[in-house]
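Structure file model.cif with mmCIF, N, CA and C atoms:
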```cif
data_my_file
loop_
_atom_site.label_atom_id
_atom_site.label_comp_id
_atom_site.auth_asym_id
_atom_site.auth_seq_id
_atom_site.Cartn_x
_atom_site.Cartn_y
_atom_site.Cartn_z
N LYS M 1 0.83 -1.19 0.00
CA LYS M 1 0.00 0.00 0.00
C LYS M 1 0.88 1.25 0.00
N GLU M 2 1.90 1.23 0.84
CA GLU M 2 2.81 2.36 0.97
C GLU M 2 3.52 2.71 -0.34
N LYS M 3 3.87 1.69 -1.14
CA LYS M 3 4.57 1.90 -2.40
C LYS M 3 3.62 1.85 -3.61
N ALA M 4 2.32 1.67 -3.36
CA ALA M 4 1.31 1.60 -4.43
C ALA M 4 1.63 0.49 -5.43
N ILE M 5 2.00 -0.67 -4.93
CA ILE M 5 2.33 -1.80 -5.79
C ILE M 5 1.06 -2.57 -6.13
N MET M 6 0.91 -2.89 -7.41
CA MET M 6 -0.23 -3.67 -7.89
C MET M 6 0.16 -5.14 -7.90
N ILE M 7 -0.73 -5.99 -7.40
CA ILE M 7 -0.51 -7.43 -7.41
C ILE M 7 -1.56 -8.06 -8.30
N HIS M 8 -1.10 -8.83 -9.29
CA HIS M 8 -2.00 -9.50 -10.23
C HIS M 8 -1.75 -11.00 -10.16
N CYS M 9 -2.78 -11.75 -9.81
CA CYS M 9 -2.70 -13.21 -9.85
C CYS M 9 -3.80 -13.71 -10.78
N ARG M 10 -3.41 -14.60 -11.66
CA ARG M 10 -4.38 -15.17 -12.61
C ARG M 10 -5.04 -16.37 -11.93
N ILE M 11 -6.10 -16.10 -11.19
CA ILE M 11 -6.77 -17.13 -10.39
C ILE M 11 -7.27 -18.27 -11.28
N ALA M 12 -7.74 -17.97 -12.48
CA ALA M 12 -8.23 -19.02 -13.38
C ALA M 12 -7.14 -20.05 -13.63
N ASP M 13 -5.90 -19.62 -13.73
CA ASP M 13 -4.78 -20.55 -13.93
C ASP M 13 -4.71 -21.55 -12.78
N PHE M 14 -4.89 -21.08 -11.56
CA PHE M 14 -4.76 -21.93 -10.38
C PHE M 14 -5.90 -22.94 -10.27
N LYS M 15 -7.08 -22.57 -10.71
CA LYS M 15 -8.24 -23.46 -10.61
C LYS M 15 -8.11 -24.67 -11.53
N LYS M 16 -7.27 -24.57 -12.56
CA LYS M 16 -7.10 -25.66 -13.52
C LYS M 16 -5.98 -26.62 -13.14
N LEU M 17 -5.27 -26.34 -12.08
CA LEU M 17 -4.07 -27.12 -11.75
C LEU M 17 -4.41 -28.47 -11.14
N PRO M 18 -3.57 -29.47 -11.44
CA PRO M 18 -3.72 -30.77 -10.77
C PRO M 18 -3.19 -30.68 -9.34
N PRO M 19 -3.53 -31.64 -8.50
CA PRO M 19 -3.01 -31.64 -7.12
C PRO M 19 -1.49 -31.89 -7.14
N VAL M 20 -0.81 -31.33 -6.14
CA VAL M 20 0.63 -31.49 -6.01
C VAL M 20 0.97 -32.23 -4.73
N LEU M 21 2.20 -32.75 -4.67
CA LEU M 21 2.72 -33.35 -3.45
C LEU M 21 3.41 -32.25 -2.67
N GLY M 22 2.92 -31.96 -1.49
CA GLY M 22 3.56 -30.89 -0.73
C GLY M 22 2.95 -30.73 0.63
N ASP M 23 3.59 -29.92 1.41
CA ASP M 23 3.17 -29.58 2.76
C ASP M 23 2.63 -28.15 2.70
N THR M 24 1.36 -28.00 3.00
CA THR M 24 0.70 -26.70 2.88
C THR M 24 1.43 -25.60 3.66
N ASP M 25 1.82 -25.89 4.89
CA ASP M 25 2.49 -24.88 5.70
C ASP M 25 3.84 -24.48 5.11
N ARG M 26 4.60 -25.47 4.61
CA ARG M 26 5.91 -25.16 4.04
C ARG M 26 5.75 -24.38 2.72
N LEU M 27 4.79 -24.77 1.90
CA LEU M 27 4.55 -24.04 0.65
C LEU M 27 4.09 -22.62 0.93
N ARG M 28 3.26 -22.46 1.94
CA ARG M 28 2.82 -21.11 2.32
C ARG M 28 4.02 -20.25 2.72
N GLU M 29 4.96 -20.84 3.44
CA GLU M 29 6.17 -20.12 3.85
C GLU M 29 7.00 -19.70 2.63
N VAL M 30 7.14 -20.59 1.66
CA VAL M 30 7.88 -20.27 0.43
C VAL M 30 7.22 -19.09 -0.28
N PHE M 31 5.91 -19.16 -0.46
CA PHE M 31 5.22 -18.09 -1.20
C PHE M 31 5.16 -16.78 -0.42
N MET M 32 5.08 -16.86 0.89
CA MET M 32 5.13 -15.63 1.69
C MET M 32 6.49 -14.95 1.52
N ASN M 33 7.56 -15.73 1.51
CA ASN M 33 8.89 -15.17 1.29
C ASN M 33 9.00 -14.53 -0.09
N LEU M 34 8.51 -15.22 -1.11
CA LEU M 34 8.62 -14.69 -2.48
C LEU M 34 7.79 -13.43 -2.66
N PHE M 35 6.56 -13.42 -2.15
CA PHE M 35 5.73 -12.22 -2.29
C PHE M 35 6.27 -11.07 -1.45
N SER M 36 6.75 -11.38 -0.26
CA SER M 36 7.34 -10.34 0.59
C SER M 36 8.52 -9.69 -0.12
N ASN M 37 9.40 -10.50 -0.70
CA ASN M 37 10.55 -9.95 -1.42
C ASN M 37 10.11 -9.18 -2.66
N ALA M 38 9.13 -9.70 -3.38
CA ALA M 38 8.67 -9.03 -4.60
C ALA M 38 8.13 -7.64 -4.29
N ILE M 39 7.54 -7.48 -3.13
CA ILE M 39 7.02 -6.18 -2.71
C ILE M 39 8.16 -5.32 -2.16
N LYS M 40 8.96 -5.90 -1.26
CA LYS M 40 10.03 -5.16 -0.59
C LYS M 40 11.07 -4.61 -1.58
N TYR M 41 11.40 -5.40 -2.61
CA TYR M 41 12.44 -4.99 -3.55
C TYR M 41 11.87 -4.37 -4.82
N ASN M 42 10.59 -4.03 -4.79
CA ASN M 42 9.96 -3.42 -5.96
C ASN M 42 10.13 -1.91 -5.93
N LYS M 43 9.85 -1.31 -7.06
CA LYS M 43 9.89 0.15 -7.19
C LYS M 43 8.52 0.71 -6.82
N PRO M 44 8.44 1.96 -6.43
CA PRO M 44 7.12 2.57 -6.19
C PRO M 44 6.25 2.43 -7.44
N GLU M 45 4.99 2.09 -7.22
CA GLU M 45 4.01 1.86 -8.29
C GLU M 45 4.41 0.69 -9.19
N GLY M 46 5.17 -0.24 -8.63
CA GLY M 46 5.58 -1.42 -9.37
C GLY M 46 4.47 -2.45 -9.44
N VAL M 47 4.80 -3.59 -10.04
CA VAL M 47 3.83 -4.66 -10.26
C VAL M 47 4.43 -5.98 -9.80
N VAL M 48 3.59 -6.81 -9.20
CA VAL M 48 3.93 -8.20 -8.89
C VAL M 48 2.89 -9.05 -9.60
N GLU M 49 3.36 -10.00 -10.39
CA GLU M 49 2.46 -10.89 -11.11
C GLU M 49 2.72 -12.33 -10.69
N CYS M 50 1.65 -13.08 -10.59
CA CYS M 50 1.73 -14.48 -10.22
C CYS M 50 0.91 -15.28 -11.22
N SER M 51 1.48 -16.36 -11.73
CA SER M 51 0.75 -17.22 -12.64
C SER M 51 1.16 -18.66 -12.38
N ALA M 52 0.44 -19.60 -12.99
CA ALA M 52 0.72 -21.01 -12.77
C ALA M 52 0.35 -21.82 -13.99
N ALA M 53 1.07 -22.92 -14.17
CA ALA M 53 0.80 -23.85 -15.26
C ALA M 53 1.35 -25.21 -14.88
N ALA M 54 0.81 -26.24 -15.49
CA ALA M 54 1.29 -27.60 -15.26
C ALA M 54 1.86 -28.17 -16.54
N SER M 55 3.03 -28.81 -16.42
CA SER M 55 3.62 -29.52 -17.55
C SER M 55 4.78 -30.38 -17.06
N ASP M 56 5.07 -31.42 -17.80
CA ASP M 56 6.21 -32.30 -17.51
C ASP M 56 6.24 -32.79 -16.07
N GLY M 57 5.08 -33.12 -15.51
CA GLY M 57 5.03 -33.70 -14.17
C GLY M 57 5.16 -32.74 -13.01
N VAL M 58 5.15 -31.43 -13.30
CA VAL M 58 5.23 -30.44 -12.23
C VAL M 58 4.21 -29.33 -12.44
N VAL M 59 3.88 -28.69 -11.35
CA VAL M 59 3.14 -27.42 -11.40
C VAL M 59 4.19 -26.34 -11.19
N GLU M 60 4.21 -25.37 -12.10
CA GLU M 60 5.16 -24.27 -11.98
C GLU M 60 4.40 -23.00 -11.67
N ILE M 61 4.74 -22.39 -10.56
CA ILE M 61 4.13 -21.13 -10.15
C ILE M 61 5.21 -20.06 -10.28
N THR M 62 4.86 -18.99 -10.96
CA THR M 62 5.80 -17.92 -11.26
C THR M 62 5.42 -16.67 -10.49
N VAL M 63 6.39 -16.07 -9.83
CA VAL M 63 6.21 -14.78 -9.14
C VAL M 63 7.20 -13.81 -9.77
N ARG M 64 6.66 -12.81 -10.47
CA ARG M 64 7.49 -11.85 -11.19
C ARG M 64 7.26 -10.45 -10.64
N ASP M 65 8.34 -9.68 -10.52
CA ASP M 65 8.20 -8.30 -10.06
C ASP M 65 8.91 -7.34 -11.00
N THR M 66 8.59 -6.08 -10.88
CA THR M 66 9.20 -5.03 -11.69
C THR M 66 10.15 -4.20 -10.82
N GLY M 67 10.82 -4.89 -9.92
CA GLY M 67 11.66 -4.22 -8.93
C GLY M 67 13.07 -3.91 -9.38
N ILE M 68 13.97 -3.86 -8.40
CA ILE M 68 15.34 -3.42 -8.65
C ILE M 68 16.19 -4.50 -9.31
N GLY M 69 15.72 -5.73 -9.32
CA GLY M 69 16.48 -6.81 -9.92
C GLY M 69 17.68 -7.20 -9.08
N ILE M 70 18.42 -8.17 -9.60
CA ILE M 70 19.57 -8.72 -8.88
C ILE M 70 20.80 -8.58 -9.76
N LYS M 71 21.87 -8.10 -9.18
CA LYS M 71 23.12 -7.95 -9.93
C LYS M 71 23.63 -9.33 -10.36
N LYS M 72 24.22 -9.39 -11.56
CA LYS M 72 24.76 -10.65 -12.07
C LYS M 72 25.74 -11.29 -11.09
N GLU M 73 26.58 -10.49 -10.49
CA GLU M 73 27.58 -11.04 -9.57
C GLU M 73 26.96 -11.59 -8.28
N ASP M 74 25.72 -11.17 -7.97
CA ASP M 74 25.05 -11.68 -6.77
C ASP M 74 24.26 -12.97 -7.03
N MET M 75 23.97 -13.26 -8.28
CA MET M 75 23.13 -14.42 -8.60
C MET M 75 23.67 -15.74 -8.04
N PRO M 76 24.97 -16.05 -8.15
CA PRO M 76 25.44 -17.33 -7.61
C PRO M 76 25.31 -17.45 -6.09
N LYS M 77 25.24 -16.33 -5.38
CA LYS M 77 25.17 -16.34 -3.92
C LYS M 77 23.75 -16.16 -3.40
N LEU M 78 22.80 -15.93 -4.28
CA LEU M 78 21.46 -15.51 -3.91
C LEU M 78 20.77 -16.44 -2.91
N PHE M 79 20.94 -17.75 -3.07
CA PHE M 79 20.27 -18.70 -2.20
C PHE M 79 21.15 -19.18 -1.05
N SER M 80 22.25 -18.49 -0.81
CA SER M 80 23.15 -18.83 0.30
C SER M 80 22.60 -18.29 1.61
N ARG M 81 22.88 -19.03 2.67
CA ARG M 81 22.42 -18.61 3.99
C ARG M 81 23.08 -17.29 4.38
N PHE M 82 22.29 -16.35 4.86
CA PHE M 82 22.70 -15.02 5.32
C PHE M 82 23.21 -14.09 4.22
N PHE M 83 23.03 -14.48 2.95
CA PHE M 83 23.47 -13.58 1.89
C PHE M 83 22.57 -12.35 1.82
N ARG M 84 23.19 -11.19 1.78
CA ARG M 84 22.47 -9.92 1.66
C ARG M 84 23.13 -9.12 0.55
N ALA M 85 22.37 -8.75 -0.45
CA ALA M 85 22.89 -7.87 -1.50
C ALA M 85 23.14 -6.50 -0.87
N GLU M 86 24.03 -5.76 -1.48
CA GLU M 86 24.33 -4.43 -0.95
C GLU M 86 23.24 -3.45 -1.34
N ASN M 87 22.33 -3.22 -0.42
CA ASN M 87 21.27 -2.23 -0.58
C ASN M 87 20.82 -1.84 0.82
N ASN M 88 19.96 -0.89 0.92
CA ASN M 88 19.51 -0.42 2.23
C ASN M 88 18.18 -1.03 2.64
N ILE M 89 17.84 -2.18 2.09
CA ILE M 89 16.57 -2.83 2.39
C ILE M 89 16.81 -3.82 3.52
N PRO M 90 16.06 -3.70 4.62
CA PRO M 90 16.30 -4.58 5.77
C PRO M 90 15.91 -6.03 5.50
N GLY M 91 16.59 -6.93 6.16
CA GLY M 91 16.29 -8.36 6.06
C GLY M 91 17.40 -9.16 6.72
N THR M 92 17.17 -10.48 6.83
CA THR M 92 18.13 -11.35 7.50
C THR M 92 19.01 -12.13 6.54
N GLY M 93 18.62 -12.21 5.27
CA GLY M 93 19.36 -13.03 4.33
C GLY M 93 19.04 -14.50 4.45
N LEU M 94 17.91 -14.81 5.06
CA LEU M 94 17.52 -16.22 5.24
C LEU M 94 16.32 -16.64 4.39
N GLY M 95 15.49 -15.72 3.96
CA GLY M 95 14.24 -16.07 3.30
C GLY M 95 14.40 -16.94 2.07
N LEU M 96 15.27 -16.56 1.15
CA LEU M 96 15.45 -17.35 -0.06
C LEU M 96 16.18 -18.66 0.21
N TRP M 97 17.11 -18.64 1.16
CA TRP M 97 17.79 -19.87 1.52
C TRP M 97 16.79 -20.87 2.10
N ILE M 98 15.95 -20.42 3.03
CA ILE M 98 14.93 -21.29 3.62
C ILE M 98 13.98 -21.79 2.55
N SER M 99 13.55 -20.90 1.67
CA SER M 99 12.59 -21.28 0.62
C SER M 99 13.17 -22.35 -0.29
N ARG M 100 14.42 -22.20 -0.70
CA ARG M 100 15.03 -23.22 -1.57
C ARG M 100 15.18 -24.54 -0.82
N GLU M 101 15.60 -24.48 0.44
CA GLU M 101 15.73 -25.71 1.24
C GLU M 101 14.38 -26.42 1.35
N LEU M 102 13.33 -25.67 1.61
CA LEU M 102 12.00 -26.27 1.72
C LEU M 102 11.58 -26.92 0.40
N MET M 103 11.85 -26.27 -0.71
CA MET M 103 11.49 -26.83 -2.01
C MET M 103 12.27 -28.11 -2.28
N HIS M 104 13.55 -28.15 -1.92
CA HIS M 104 14.32 -29.38 -2.10
C HIS M 104 13.74 -30.51 -1.27
N ARG M 105 13.32 -30.21 -0.06
CA ARG M 105 12.74 -31.24 0.82
C ARG M 105 11.40 -31.74 0.30
N LEU M 106 10.73 -30.92 -0.51
CA LEU M 106 9.45 -31.31 -1.12
C LEU M 106 9.66 -31.89 -2.51
N ASP M 107 10.92 -32.21 -2.85
CA ASP M 107 11.28 -32.71 -4.18
C ASP M 107 10.92 -31.73 -5.29
N GLY M 108 10.94 -30.45 -4.96
CA GLY M 108 10.65 -29.41 -5.94
C GLY M 108 11.88 -28.57 -6.20
N GLU M 109 11.66 -27.45 -6.87
CA GLU M 109 12.76 -26.55 -7.21
C GLU M 109 12.33 -25.11 -6.99
N LEU M 110 13.30 -24.27 -6.74
CA LEU M 110 13.10 -22.82 -6.72
C LEU M 110 14.21 -22.22 -7.57
N LEU M 111 13.82 -21.56 -8.66
CA LEU M 111 14.76 -21.00 -9.62
C LEU M 111 14.48 -19.51 -9.79
N VAL M 112 15.45 -18.80 -10.34
CA VAL M 112 15.28 -17.36 -10.51
C VAL M 112 15.93 -16.89 -11.80
N GLU M 113 15.34 -15.89 -12.40
CA GLU M 113 15.92 -15.11 -13.49
C GLU M 113 15.76 -13.66 -13.08
N SER M 114 16.75 -12.84 -13.39
CA SER M 114 16.66 -11.44 -12.99
C SER M 114 17.49 -10.56 -13.90
N VAL M 115 17.03 -9.34 -14.07
CA VAL M 115 17.77 -8.32 -14.80
C VAL M 115 17.84 -7.11 -13.88
N GLU M 116 19.06 -6.70 -13.56
CA GLU M 116 19.24 -5.56 -12.67
C GLU M 116 18.52 -4.34 -13.25
N GLY M 117 17.74 -3.68 -12.40
CA GLY M 117 17.00 -2.49 -12.81
C GLY M 117 15.66 -2.77 -13.45
N GLU M 118 15.36 -4.04 -13.75
CA GLU M 118 14.10 -4.39 -14.41
C GLU M 118 13.20 -5.31 -13.59
N GLY M 119 13.80 -6.14 -12.73
CA GLY M 119 12.99 -7.02 -11.91
C GLY M 119 13.47 -8.45 -11.92
N SER M 120 12.74 -9.28 -11.18
CA SER M 120 13.09 -10.69 -11.01
C SER M 120 11.87 -11.57 -11.22
N THR M 121 12.15 -12.80 -11.65
CA THR M 121 11.10 -13.80 -11.79
C THR M 121 11.56 -15.05 -11.07
N PHE M 122 10.75 -15.52 -10.13
CA PHE M 122 11.03 -16.74 -9.38
C PHE M 122 10.08 -17.82 -9.85
N TYR M 123 10.61 -19.02 -10.02
CA TYR M 123 9.85 -20.17 -10.48
C TYR M 123 9.85 -21.22 -9.39
N VAL M 124 8.67 -21.60 -8.92
CA VAL M 124 8.51 -22.67 -7.94
C VAL M 124 7.94 -23.86 -8.70
N ARG M 125 8.68 -24.97 -8.69
CA ARG M 125 8.24 -26.18 -9.38
C ARG M 125 7.98 -27.26 -8.36
N ILE M 126 6.72 -27.74 -8.36
CA ILE M 126 6.27 -28.72 -7.38
C ILE M 126 5.77 -29.95 -8.12
N PRO M 127 6.20 -31.16 -7.71
CA PRO M 127 5.75 -32.38 -8.39
C PRO M 127 4.23 -32.56 -8.32
N ILE M 128 3.66 -32.98 -9.43
CA ILE M 128 2.23 -33.30 -9.47
C ILE M 128 2.02 -34.62 -8.75
N ALA M 129 0.95 -34.69 -7.95
CA ALA M 129 0.64 -35.93 -7.23
C ALA M 129 0.19 -37.00 -8.23
N LYS M 130 0.70 -38.19 -8.05
CA LYS M 130 0.29 -39.30 -8.91
C LYS M 130 -1.03 -39.84 -8.39
N THR M 131 -1.99 -39.94 -9.27
CA THR M 131 -3.30 -40.49 -8.88
C THR M 131 -3.46 -41.85 -9.52
N GLU M 132 -3.97 -42.79 -8.75
CA GLU M 132 -4.16 -44.15 -9.25
C GLU M 132 -5.57 -44.59 -9.00
#
```

What's the structure tokens form of this structure?
Amino acid sequence: KEKAIMIHCRIADFKKLPPVLGDTDRLREVFMNLFSNAIKYNKPEGVVECSAAASDGVVEITVRDTGIGIKKEDMPKLFSRFFRAENNIPGTGLGLWISRELMHRLDGELLVESVEGEGSTFYVRIPIAKTE
């Protein structure tokens, strides 16, 4: 609200998804971290978009922002414990590390693409539940 950031989620995308294997509380923690960062590192009047699709045995949920982006030299360290990029934005440097660890424990993935000054896109890939 303070930065006038617009959040767009394509709810219709989510209603079409197959069930996934996961822990609701842990997945909620991952998405809270991603949305919190997308807002915290966004520009005033920026945008956060969320979408989802299923393919190749996974559900992929995308969280994209129009924020400050991540420097190329910081990308290899981004998911390291206590890593903090050089900026004046408060945080512990644990959110992305915890999120990636949780996704690994759920047999999923957490990936990122980013362009400094343009924003970041995080991809959460969760295995589709096998139904018999």

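If you apply the PyMOL selection byres ((chain M and resi 110) around 6) to this structure, you end up with Arg100, Met103, Gly108, Glu109, Leu111, Val112, Tyr123, Val124 and Arg125 of chain M.
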
Write out as a PDB file with N, CA and C atoms, keeping the file's coordinate frame each polymer residue whose atoms come within 6 Å of Arg64 of chain M, counting all atoms listed in the file; drop sequence neighbours fewer than 4 positions from it.
```pdb
ATOM      1  N   VAL M  47       4.800  -3.590 -10.040  1.00  0.00           N
ATOM      2  CA  VAL M  47       3.830  -4.660 -10.260  1.00  0.00           C
ATOM      3  C   VAL M  47       4.430  -5.980  -9.800  1.00  0.00           C
ATOM      4  N   VAL M  48       3.590  -6.810  -9.200  1.00  0.00           N
ATOM      5  CA  VAL M  48       3.930  -8.200  -8.890  1.00  0.00           C
ATOM      6  C   VAL M  48       2.890  -9.050  -9.600  1.00  0.00           C
ATOM      7  N   GLU M  49       3.360 -10.000 -10.390  1.00  0.00           N
ATOM      8  CA  GLU M  49       2.460 -10.890 -11.110  1.00  0.00           C
ATOM      9  C   GLU M  49       2.720 -12.330 -10.690  1.00  0.00           C
ATOM     10  N   CYS M  50       1.650 -13.080 -10.590  1.00  0.00           N
ATOM     11  CA  CYS M  50       1.730 -14.480 -10.220  1.00  0.00           C
ATOM     12  C   CYS M  50       0.910 -15.280 -11.220  1.00  0.00           C
ATOM     13  N   SER M 120      12.740  -9.280 -11.180  1.00  0.00           N
ATOM     14  CA  SER M 120      13.090 -10.690 -11.010  1.00  0.00           C
ATOM     15  C   SER M 120      11.870 -11.570 -11.220  1.00  0.00           C
ATOM     16  N   THR M 121      12.150 -12.800 -11.650  1.00  0.00           N
ATOM     17  CA  THR M 121      11.100 -13.800 -11.790  1.00  0.00           C
ATOM     18  C   THR M 121      11.560 -15.050 -11.070  1.00  0.00           C
ATOM     19  N   PHE M 122      10.750 -15.520 -10.130  1.00  0.00           N
ATOM     20  CA  PHE M 122      11.030 -16.740  -9.380  1.00  0.00           C
ATOM     21  C   PHE M 122      10.080 -17.820  -9.850  1.00  0.00           C
TER      22      PHE M 122
END
```

Handout entry: Best match for closeness to Ala38 of chain M among M:Thr66, M:Ser99, M:Ser55, M:Thr24, counting only N, CA and C atoms
Key =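 The answer is M:Thr66, which sits nearest to Ala38 of chain M.
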
Exercise for the section: Using only N, CA and C atoms, find the one residue out of M:Leu21, M:Met75, M:Ala4, M:Met32 that sits nearest to Asp107 of chain M. Expected result: M:Leu21

Practice task
Check the smallest atom-to-atom distance from each of M:Asp13, M:Asp65, M:Glu60, M:Glu29 to Gly119 of chain M using only N, CA and C atoms, then report the winner.
Solution key: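 For Gly119 of chain M, the nearest of the given residues is M:Asp65.
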
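Among M:Ile68, M:Phe35, M:Gly22, M:Ser80, the residue with the shortest atom-to-atom distance to Glu118 of chain M, counting all atoms listed in the file, is M:Ile68.
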
Practice task
Rounded to one decimal place, report the atom CA of Ala129 of chain M-atom CA of Leu94 of chain M distance in Å.
Solution key: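 Rounded to one decimal, the two atoms are 28.8 Å apart.
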
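Computed from the coordinates, the atom CA of Met6 of chain M to atom CA of Ala53 of chain M distance equals 21.5 Å.
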
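One distance worth recording is that between atom C of Phe14 of chain M and atom C of His104 of chain M, which is 22.9 Å.
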
Handout entry: Sel. of strand (DSSP E) residues, segment 37-107 of chain M, as a VMD selection string
Key = chain M and resid 47 to 55 58 to 65

Exercise for the section: Go through M:Ala52, M:Arg105, M:Pro127, M:Thr62 and flag the residue nearest Lys16 of chain M, using only N, CA and C atoms for the distances. Expected result: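 Smallest separation from Lys16 of chain M among the options: M:Ala52.
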
Exercise for the section: Could you tell me which of M:Ile7, M:Leu96, M:Ile128, M:Val59 comes closest to Asn33 of chain M if we count only N, CA and C atoms? Expected result: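 Of the candidates, the smallest distance to Asn33 of chain M is held by M:Leu96.
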
Pull out every residue that the PyMOL selection byres (((chain M and resi 1 and name CA) around 10) and name CA) matches in the shown coordinates and put them as a CSV table (one decimal) with N, CA and C atoms, in the coordinates of the input.
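Result file selection.csv:
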```csv
chain,number,residue,atom,x,y,z
M,2,GLU,N,1.9,1.2,0.8
M,2,GLU,CA,2.8,2.4,1.0
M,2,GLU,C,3.5,2.7,-0.3
M,3,LYS,N,3.9,1.7,-1.1
M,3,LYS,CA,4.6,1.9,-2.4
M,3,LYS,C,3.6,1.8,-3.6
M,4,ALA,N,2.3,1.7,-3.4
M,4,ALA,CA,1.3,1.6,-4.4
M,4,ALA,C,1.6,0.5,-5.4
M,5,ILE,N,2.0,-0.7,-4.9
M,5,ILE,CA,2.3,-1.8,-5.8
M,5,ILE,C,1.1,-2.6,-6.1
M,6,MET,N,0.9,-2.9,-7.4
M,6,MET,CA,-0.2,-3.7,-7.9
M,6,MET,C,0.2,-5.1,-7.9
M,39,ILE,N,7.5,-7.5,-3.1
M,39,ILE,CA,7.0,-6.2,-2.7
M,39,ILE,C,8.2,-5.3,-2.2
M,44,PRO,N,8.4,2.0,-6.4
M,44,PRO,CA,7.1,2.6,-6.2
M,44,PRO,C,6.2,2.4,-7.4
M,45,GLU,N,5.0,2.1,-7.2
M,45,GLU,CA,4.0,1.9,-8.3
M,45,GLU,C,4.4,0.7,-9.2
```

Exercise for the section: Find the residues around Gly117 of chain M up to 6 Å (all atoms listed in the file counted), leave out those fewer than 3 positions away in its own chain, and share them as a count of residues only. Expected result: 4
